[in-house]
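Data file: query-v4.pdb. Format and content: PDB, C-alpha atoms.
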ATOM      1  CA  MET D   1      -7.913  23.308  10.839
ATOM      2  CA  SER D   2      -5.497  22.994   7.952
ATOM      3  CA  GLN D   3      -6.542  24.062   4.464
ATOM      4  CA  ILE D   4      -3.688  22.136   2.906
ATOM      5  CA  SER D   5      -4.761  18.978   1.143
ATOM      6  CA  PRO D   6      -3.382  15.719   2.566
ATOM      7  CA  GLU D   7      -1.451  14.891  -0.618
ATOM      8  CA  MET D   8       0.340  18.268  -0.471
ATOM      9  CA  LYS D   9       1.474  17.840   3.144
ATOM     10  CA  PHE D  10       4.197  15.371   2.232
ATOM     11  CA  LYS D  11       5.523  17.193  -0.797
ATOM     12  CA  ILE D  12       8.617  19.364  -0.554
ATOM     13  CA  TRP D  13       8.071  22.650   1.265
ATOM     14  CA  ILE D  14      10.640  25.418   1.399
ATOM     15  CA  LEU D  15      11.191  27.534   4.493
ATOM     16  CA  TYR D  16      12.492  30.993   3.523
ATOM     17  CA  LEU D  17      13.862  33.223   6.276
ATOM     18  CA  ARG D  18      14.777  36.869   5.819
ATOM     19  CA  LYS D  19      15.030  39.811   8.190
ATOM     20  CA  SER D  20      12.663  42.684   7.477
ATOM     21  CA  ARG D  21      12.935  46.371   8.195
ATOM     22  CA  GLN D  22      10.009  45.918  10.599
ATOM     23  CA  ASP D  23      12.002  43.522  12.785
ATOM     24  CA  ASP D  24      13.611  44.767  15.979
ATOM     25  CA  PRO D  25      16.716  46.726  14.918
ATOM     26  CA  ASN D  26      18.431  45.685  18.159
ATOM     27  CA  GLU D  27      18.338  42.018  17.126
ATOM     28  CA  THR D  28      20.963  40.576  14.827
ATOM     29  CA  VAL D  29      19.965  38.957  11.562
ATOM     30  CA  GLU D  30      20.827  35.594  13.073
ATOM     31  CA  GLU D  31      18.604  36.211  16.133
ATOM     32  CA  VAL D  32      15.653  37.257  13.987
ATOM     33  CA  LEU D  33      16.010  34.290  11.642
ATOM     34  CA  ALA D  34      16.327  31.849  14.563
ATOM     35  CA  LYS D  35      13.158  33.238  16.184
ATOM     36  CA  HIS D  36      11.226  33.062  12.926
ATOM     37  CA  GLU D  37      12.485  29.556  12.201
ATOM     38  CA  ILE D  38      11.105  28.330  15.528
ATOM     39  CA  GLN D  39       7.730  29.938  14.821
ATOM     40  CA  LEU D  40       7.489  28.615  11.281
ATOM     41  CA  GLN D  41       8.657  25.114  12.206
ATOM     42  CA  GLU D  42       5.892  25.065  14.829
ATOM     43  CA  TRP D  43       3.445  26.027  12.098
ATOM     44  CA  ALA D  44       4.795  23.288   9.812
ATOM     45  CA  GLU D  45       4.444  20.677  12.542
ATOM     46  CA  LYS D  46       0.855  21.761  13.182
ATOM     47  CA  GLU D  47      -0.284  22.183   9.569
ATOM     48  CA  LEU D  48       1.874  19.696   7.666
ATOM     49  CA  GLY D  49       2.504  17.186  10.440
ATOM     50  CA  HIS D  50       6.287  17.473  10.154
ATOM     51  CA  ARG D  51       9.179  19.900  10.388
ATOM     52  CA  ILE D  52      10.895  21.245   7.310
ATOM     53  CA  PRO D  53      14.222  19.423   6.800
ATOM     54  CA  GLU D  54      17.409  21.488   6.942
ATOM     55  CA  GLU D  55      18.083  20.965   3.238
ATOM     56  CA  TYR D  56      14.919  22.966   2.431
ATOM     57  CA  ILE D  57      15.601  25.894   4.757
ATOM     58  CA  TYR D  58      16.965  29.024   3.103
ATOM     59  CA  ARG D  59      18.353  31.730   5.403
ATOM     60  CA  GLU D  60      18.909  35.075   3.698
ATOM     61  CA  ILE D  61      21.681  36.743   5.683
ATOM     62  CA  VAL D  62      22.544  39.557   3.295
ATOM     63  CA  SER D  63      20.369  42.582   2.742
ATOM     64  CA  GLY D  64      19.383  43.145  -0.830
ATOM     65  CA  GLU D  65      16.632  44.988  -2.610
ATOM     66  CA  ARG D  66      16.919  42.982  -5.807
ATOM     67  CA  ILE D  67      16.690  39.231  -6.298
ATOM     68  CA  SER D  68      20.038  39.379  -8.068
ATOM     69  CA  ASP D  69      21.564  40.476  -4.733
ATOM     70  CA  ARG D  70      19.982  37.649  -2.715
ATOM     71  CA  ARG D  71      21.741  34.335  -3.212
ATOM     72  CA  GLU D  72      19.265  32.320  -1.120
ATOM     73  CA  MET D  73      16.249  33.635  -3.059
ATOM     74  CA  GLN D  74      18.020  32.621  -6.255
ATOM     75  CA  LYS D  75      18.383  29.102  -4.829
ATOM     76  CA  VAL D  76      14.678  29.073  -3.896
ATOM     77  CA  LEU D  77      13.719  30.034  -7.447
ATOM     78  CA  ARG D  78      15.920  27.262  -8.869
ATOM     79  CA  ALA D  79      14.340  24.758  -6.455
ATOM     80  CA  ILE D  80      10.862  25.800  -7.597
ATOM     81  CA  GLU D  81      11.871  25.165 -11.203
ATOM     82  CA  SER D  82      12.530  21.523 -10.290
ATOM     83  CA  ASN D  83       8.736  20.974 -10.139
ATOM     84  CA  GLU D  84       9.057  19.166  -6.801
ATOM     85  CA  VAL D  85       8.184  22.048  -4.463
ATOM     86  CA  ALA D  86       4.609  22.361  -3.198
ATOM     87  CA  GLY D  87       4.960  25.726  -1.484
ATOM     88  CA  ILE D  88       6.992  28.269   0.387
ATOM     89  CA  ILE D  89       6.614  29.043   4.064
ATOM     90  CA  CYS D  90       7.807  32.443   5.215
ATOM     91  CA  LYS D  91       6.986  34.946   7.930
ATOM     92  CA  ASP D  92       5.047  37.209   5.567
ATOM     93  CA  ALA D  93       4.880  37.919   1.846
ATOM     94  CA  PRO D  94       7.016  41.106   1.744
ATOM     95  CA  ARG D  95      10.032  39.061   2.883
ATOM     96  CA  LEU D  96       9.990  37.272  -0.459
ATOM     97  CA  SER D  97      10.488  40.490  -2.391
ATOM     98  CA  ARG D  98      10.467  44.121  -1.497
ATOM     99  CA  GLY D  99      12.523  45.177  -4.463
ATOM    100  CA  ASP D 100      11.460  46.788  -7.662
ATOM    101  CA  LEU D 101       8.301  45.909  -9.563
ATOM    102  CA  ILE D 102      10.215  43.878 -12.151
ATOM    103  CA  ASP D 103      11.537  41.556  -9.412
ATOM    104  CA  CYS D 104       8.080  41.333  -7.815
ATOM    105  CA  GLY D 105       6.513  40.468 -11.154
ATOM    106  CA  SER D 106       9.177  37.891 -11.942
ATOM    107  CA  LEU D 107       8.749  36.290  -8.541
ATOM    108  CA  MET D 108       4.952  36.158  -8.858
ATOM    109  CA  ALA D 109       5.238  34.622 -12.336
ATOM    110  CA  VAL D 110       7.410  31.804 -10.981
ATOM    111  CA  LEU D 111       5.329  31.227  -7.838
ATOM    112  CA  GLN D 112       2.078  30.774  -9.735
ATOM    113  CA  TYR D 113       3.501  27.641 -11.344
ATOM    114  CA  LEU D 114       4.288  25.707  -8.183
ATOM    115  CA  PRO D 115       3.139  22.111  -8.767
ATOM    116  CA  ALA D 116       0.488  22.461  -6.078
ATOM    117  CA  GLY D 117      -0.634  25.751  -7.568
ATOM    118  CA  LEU D 118       0.152  27.267  -4.192
ATOM    119  CA  CYS D 119       2.570  29.683  -2.597
ATOM    120  CA  LEU D 120       2.358  29.733   1.156
ATOM    121  CA  ALA D 121       3.402  32.953   2.861
ATOM    122  CA  TRP D 122       2.107  32.807   6.422
ATOM    123  CA  THR D 123       2.251  35.231   9.255
ATOM    124  CA  TYR D 124       2.458  33.073  12.353
ATOM    125  CA  ALA D 125       3.477  34.319  15.740
ATOM    126  CA  ARG D 126       2.613  33.898  19.380
ATOM    127  CA  GLY D 127       1.656  37.493  19.886
ATOM    128  CA  ASP D 128       5.085  38.782  18.932
ATOM    129  CA  THR D 129       6.535  39.527  15.521
TER
END
Encoded form (structure tokens):
Amino acid sequence: MSQISPEMKFKIWILYLRKSRQDDPNETVEEVLAKHEIQLQEWAEKELGHRIPEEYIYREIVSGERISDRREMQKVLRAIESNEVAGIICKDAPRLSRGDLIDCGSLMAVLQYLPAGLCLAWTYARGDT
């Protein structure tokens, strides 16, 4: 059963995809992101009742410890500032930021002000990660 309120289901949700060090090193970044996108879109269909449109999917291809190195995360942060985003869907929270504590703190400060008062970082898999 979904814990997301009905009025939040039809707001803008961002899907953020990023390869982690825990992912299979034999898989390319593109393979990992494609697998995670399928899993998270399934979650969105189940919990929100719809898929996330392409314009709200951010695929981080480059590896970067700092937010300043990750162009897609910078775009996500700008989108959040628009006050139209209800939440972020990602494989798990460390994919948002594994950099230094300043970046983590900055990210948390921005995420707490999502219009829905919610940041969604779900781990969702069918027995595989």
Quiz prompt | Selection result of the PyMOL selection byres ((chain D and resi 36) around 9) on this file, as number ranges by chain | solution = D: 17-18, 31-35, 37-41, 90-91, 124-125, 129
Self-check item: Separation of CA of Met108 in chain D from CA of Pro53 in chain D in Å
Solution: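 Distance reported for this atom pair: 24.7 Å.
Minimum distance to Glu72 in chain D across D:Ile12, D:Ile57, D:Ile52, D:Val110 (counting all atoms listed in the file) occurs at D:Ile57.
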Taking all listed atoms of range 42-53 of chain D, build the axis-aligned box, pad each of the six sides by 8 Å, then write its centre and edge lengths in Å to one decimal as JSON.
{"center_x": 7.0, "center_y": 21.6, "center_z": 10.8, "size_x": 30.5, "size_y": 24.8, "size_z": 24.0}
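When CA of His50 in chain D is paired with CA of Val85 in chain D, their separation reads 15.4 Å.
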Practice problem: Figure out the distance between CA of Ile80 in chain D and CA of Met8 in chain D, please, to one decimal in Å. | Solution: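 Separating CA of Met8 in chain D from CA of Ile80 in chain D is a distance of 14.8 Å.
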If you apply the PyMOL selection byres ((chain D and resi 60) around 10) to this file, what residues do you get, as a short mmCIF file (atom, residue, chain, number, x, y, z; two decimals) with C-alpha atoms, in the frame of the given file?
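Once everything was written out, this is result_35.cif:
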data_model
loop_
_atom_site.label_atom_id
_atom_site.label_comp_id
_atom_site.auth_asym_id
_atom_site.auth_seq_id
_atom_site.Cartn_x
_atom_site.Cartn_y
_atom_site.Cartn_z
CA TYR D 16 12.49 30.99 3.52
CA LEU D 17 13.86 33.22 6.28
CA ARG D 18 14.78 36.87 5.82
CA LYS D 19 15.03 39.81 8.19
CA VAL D 29 19.96 38.96 11.56
CA GLU D 30 20.83 35.59 13.07
CA LEU D 33 16.01 34.29 11.64
CA ILE D 57 15.60 25.89 4.76
CA TYR D 58 16.96 29.02 3.10
CA ARG D 59 18.35 31.73 5.40
CA ILE D 61 21.68 36.74 5.68
CA VAL D 62 22.54 39.56 3.30
CA SER D 63 20.37 42.58 2.74
CA GLY D 64 19.38 43.14 -0.83
CA ARG D 70 19.98 37.65 -2.72
CA ARG D 71 21.74 34.34 -3.21
CA GLU D 72 19.26 32.32 -1.12
CA MET D 73 16.25 33.64 -3.06
CA ARG D 95 10.03 39.06 2.88
#
Quiz item: Using all atoms listed in the file, which residue out of D:Leu96, D:Ala79, D:Trp43, D:Gln74 lies closest to Tyr56 in chain D?
Solution: D:Ala79
Exercise. Name the closest residue to Leu77 in chain D among the candidates D:Glu65, D:Asp92, D:Glu27, D:Asp103; distances are taken between atoms, counting only C-alpha atoms.
Key: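 Using only C-alpha atoms, the shortest distance to Leu77 in chain D belongs to D:Asp103.
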Self-check item: Which residue of D:Gln3, D:Gln22, D:Ser68, D:Thr28 approaches Leu107 in chain D most closely, using all atoms listed in the file
Solution: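 That would be D:Ser68, the residue with the smallest distance to Leu107 in chain D.
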Quiz item: So which one's closest to Glu7 in chain D, D:Leu111, D:Glu55, D:Ala86, D:Lys46? Using all atoms listed in the file, please.
Solution: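 Smallest distance to Glu7 in chain D is found for D:Ala86.
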Quiz prompt | Among listed residues D:Leu15, D:Glu45, D:Arg66, D:Arg51, nearest Gly105 in chain D (using all atoms listed in the file) | solution = D:Arg66
